[in-house]
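Quick notes on the structure that follows.
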Amino acid sequence: MRSRNPKQSPASPAAKVKKAAILPANVTFPPVYDTYELLIFGPLFNSHGGILTNQPPLNGPSYAIRLPKTDGDGIDLAGVHQIESRVPLGTSTGWNLRSPAHRGPNNLCVLTGSYFPFATTTAERAQSGDPRPSLQERYGNHQGFVDAVQKAAQQLVKERFLLKVDADADISAAEASTVLK
């Protein structure tokens, strides 16, 4: 399998993404983005199939890459927001940097995202230098978290993105969780 080399041009979308105060102090924003090329399997192969005459396939033109805008927590703005992004416990990203020992940091782990949990308390957040509000600042206490999940679940049911039985399960899970206990 061929390695896909990320674009590293200053004109790349990654260079245009403004690093908002969305990441913990110990996290480096990726300087590159992954690209994907059209694979050329040969003249006897098309979108309906055929005979593969180029093995391995040749790399053709790159697909246009679009990077999503994010909110102040680094959560993508586009798409349907489920419980995990409406009542977040951290920031999930669509990118993950490789370690320096494994072709990093200018090579991303393709198809692997990252998760950066929020600090639990205001003091923990201040100590770590995390610019994102802590769970305590967001929800106050455990019941505040449960109330936020309940409100989000009811809204998702109203919007017809979640069945009531699943909303009830999300609310029960929030009640049983240890978030801010």
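Residues in the structure tokens are named by chain (A, B, ... in the order shown) and by number from 1 within that chain; ligands are numbered from 1 in the order shown.
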
Which of range 18-139 of chain A fall in strand (DSSP E), as a ChimeraX atom specification: /A:37-40,45-46,49-50,58-62,90-93,114-117

Let's see if you can do this: from backbone DSSP, list all helix (DSSP H, G or I) residues in range 7-181 of chain A, as a count of residues only. 53

With a distance cut-off of 12 Å and only C-alpha atoms, select the neighbouring residues of range 164-174 of chain A, excluding the residue or stretch itself and same-chain residues fewer than 3 positions from it, and output the selection as a ChimeraX atom specification. /A:82-84,87-89,142-161,177-181

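Between Pro117 in chain A and the residues A:Pro24, A:Gly140, A:Pro30, A:Gly79, the shortest atom-to-atom distance, using only C-alpha atoms, involves A:Pro24.
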
So which residues touch range 125-129 of chain A within 9 Å, counting only C-alpha atoms, skipping near sequence neighbours fewer than 5 positions away, as a PyMOL selection string? chain A and resi 24-26+118-120+134

Would you mind exporting the chosen residues as a compact mmCIF listing (two decimals), in the first residue's frame, restricted to N, CA and C atoms?
# COMPACT_ATOMS: atom_id res chain seq x y z
N PRO A 24 -5.91 22.02 24.09
CA PRO A 24 -5.10 22.09 25.30
C PRO A 24 -3.69 22.54 24.95
N ALA A 25 -3.00 23.10 25.91
CA ALA A 25 -1.67 23.67 25.69
C ALA A 25 -0.67 22.64 25.17
N ASN A 26 -0.83 21.37 25.51
CA ASN A 26 0.14 20.34 25.10
C ASN A 26 -0.18 19.72 23.75
N PHE A 118 -12.11 17.43 28.25
CA PHE A 118 -12.08 18.69 28.98
C PHE A 118 -11.58 18.42 30.40
N ALA A 119 -10.94 19.42 30.99
CA ALA A 119 -10.57 19.33 32.41
C ALA A 119 -11.86 19.23 33.22
N THR A 120 -11.79 18.56 34.35
CA THR A 120 -12.98 18.40 35.18
C THR A 120 -13.31 19.69 35.92
N SER A 134 -13.94 24.09 31.52
CA SER A 134 -13.95 22.77 32.16
C SER A 134 -15.38 22.24 32.22

At a cut-off of 12 Å, using only C-alpha atoms, what residues contact Leu44 in chain A? Leave out same-chain residues fewer than 6 positions from it and give the result as a PDB file with all heavy atoms, in the first residue's frame.
ATOM      1  N   GLY A  50     -13.865  -3.571 -14.759  1.00  0.00           N
ATOM      2  CA  GLY A  50     -13.033  -3.852 -15.918  1.00  0.00           C
ATOM      3  C   GLY A  50     -11.817  -4.664 -15.539  1.00  0.00           C
ATOM      4  O   GLY A  50     -11.805  -5.369 -14.535  1.00  0.00           O
ATOM      5  N   ILE A  51     -10.770  -4.516 -16.343  1.00  0.00           N
ATOM      6  CA  ILE A  51      -9.529  -5.268 -16.133  1.00  0.00           C
ATOM      7  C   ILE A  51      -8.478  -4.322 -15.559  1.00  0.00           C
ATOM      8  O   ILE A  51      -8.235  -3.240 -16.094  1.00  0.00           O
ATOM      9  CB  ILE A  51      -9.044  -5.871 -17.465  1.00  0.00           C
ATOM     10  CG1 ILE A  51     -10.115  -6.837 -18.012  1.00  0.00           C
ATOM     11  CG2 ILE A  51      -7.710  -6.588 -17.279  1.00  0.00           C
ATOM     12  CD1 ILE A  51      -9.829  -7.321 -19.410  1.00  0.00           C
ATOM     13  N   LEU A  52      -7.877  -4.731 -14.472  1.00  0.00           N
ATOM     14  CA  LEU A  52      -6.846  -3.928 -13.823  1.00  0.00           C
ATOM     15  C   LEU A  52      -5.517  -4.166 -14.535  1.00  0.00           C
ATOM     16  O   LEU A  52      -4.945  -5.259 -14.439  1.00  0.00           O
ATOM     17  CB  LEU A  52      -6.706  -4.298 -12.345  1.00  0.00           C
ATOM     18  CG  LEU A  52      -7.976  -4.267 -11.502  1.00  0.00           C
ATOM     19  CD1 LEU A  52      -7.692  -4.778 -10.096  1.00  0.00           C
ATOM     20  CD2 LEU A  52      -8.529  -2.872 -11.455  1.00  0.00           C
ATOM     21  N   THR A  53      -5.043  -3.177 -15.275  1.00  0.00           N
ATOM     22  CA  THR A  53      -3.776  -3.339 -15.990  1.00  0.00           C
ATOM     23  C   THR A  53      -2.630  -2.611 -15.303  1.00  0.00           C
ATOM     24  O   THR A  53      -1.473  -2.900 -15.601  1.00  0.00           O
ATOM     25  CB  THR A  53      -3.916  -2.850 -17.445  1.00  0.00           C
ATOM     26  OG1 THR A  53      -4.369  -1.505 -17.448  1.00  0.00           O
ATOM     27  CG2 THR A  53      -4.886  -3.721 -18.223  1.00  0.00           C
ATOM     28  N   ASN A  54      -2.930  -1.694 -14.421  1.00  0.00           N
ATOM     29  CA  ASN A  54      -1.895  -1.014 -13.628  1.00  0.00           C
ATOM     30  C   ASN A  54      -1.942  -1.559 -12.207  1.00  0.00           C
ATOM     31  O   ASN A  54      -2.864  -1.269 -11.450  1.00  0.00           O
ATOM     32  CB  ASN A  54      -2.123   0.505 -13.584  1.00  0.00           C
ATOM     33  CG  ASN A  54      -1.928   1.186 -14.902  1.00  0.00           C
ATOM     34  OD1 ASN A  54      -1.294   0.650 -15.792  1.00  0.00           O
ATOM     35  ND2 ASN A  54      -2.481   2.377 -15.031  1.00  0.00           N
TER      36      ASN A  54
END

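Using only C-alpha atoms, the shortest contact distance between Gly74 in chain A and any of A:Asp34, A:Phe41, A:Arg138, A:Pro133 is found at A:Pro133.
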
Contacts of range 95-104 of chain A at 7 Å (only C-alpha atoms; same-chain gap of 4+ positions) as a CSV table (one decimal) with N, CA and C atoms, in the first residue's frame:
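To be explicit, this is the file written out as out-v4.csv:
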chain,number,residue,atom,x,y,z
A,30,PRO,N,-2.2,20.4,13.7
A,30,PRO,CA,-1.5,19.9,12.5
A,30,PRO,C,-1.1,20.9,11.5
A,108,LEU,N,-0.1,12.7,8.9
A,108,LEU,CA,-1.3,12.4,9.7
A,108,LEU,C,-1.6,10.9,9.6
A,109,CYS,N,-2.3,10.4,10.7
A,109,CYS,CA,-2.8,9.1,10.7
A,109,CYS,C,-4.1,9.1,9.9
A,112,THR,N,-8.0,8.3,11.3
A,112,THR,CA,-8.0,8.2,12.7
A,112,THR,C,-8.1,9.6,13.3
A,113,GLY,N,-9.1,9.8,14.2
A,113,GLY,CA,-9.2,11.1,14.8
A,113,GLY,C,-8.6,11.1,16.2
A,114,SER,N,-8.8,12.2,16.9
A,114,SER,CA,-8.2,12.4,18.2
A,114,SER,C,-9.4,12.8,19.2
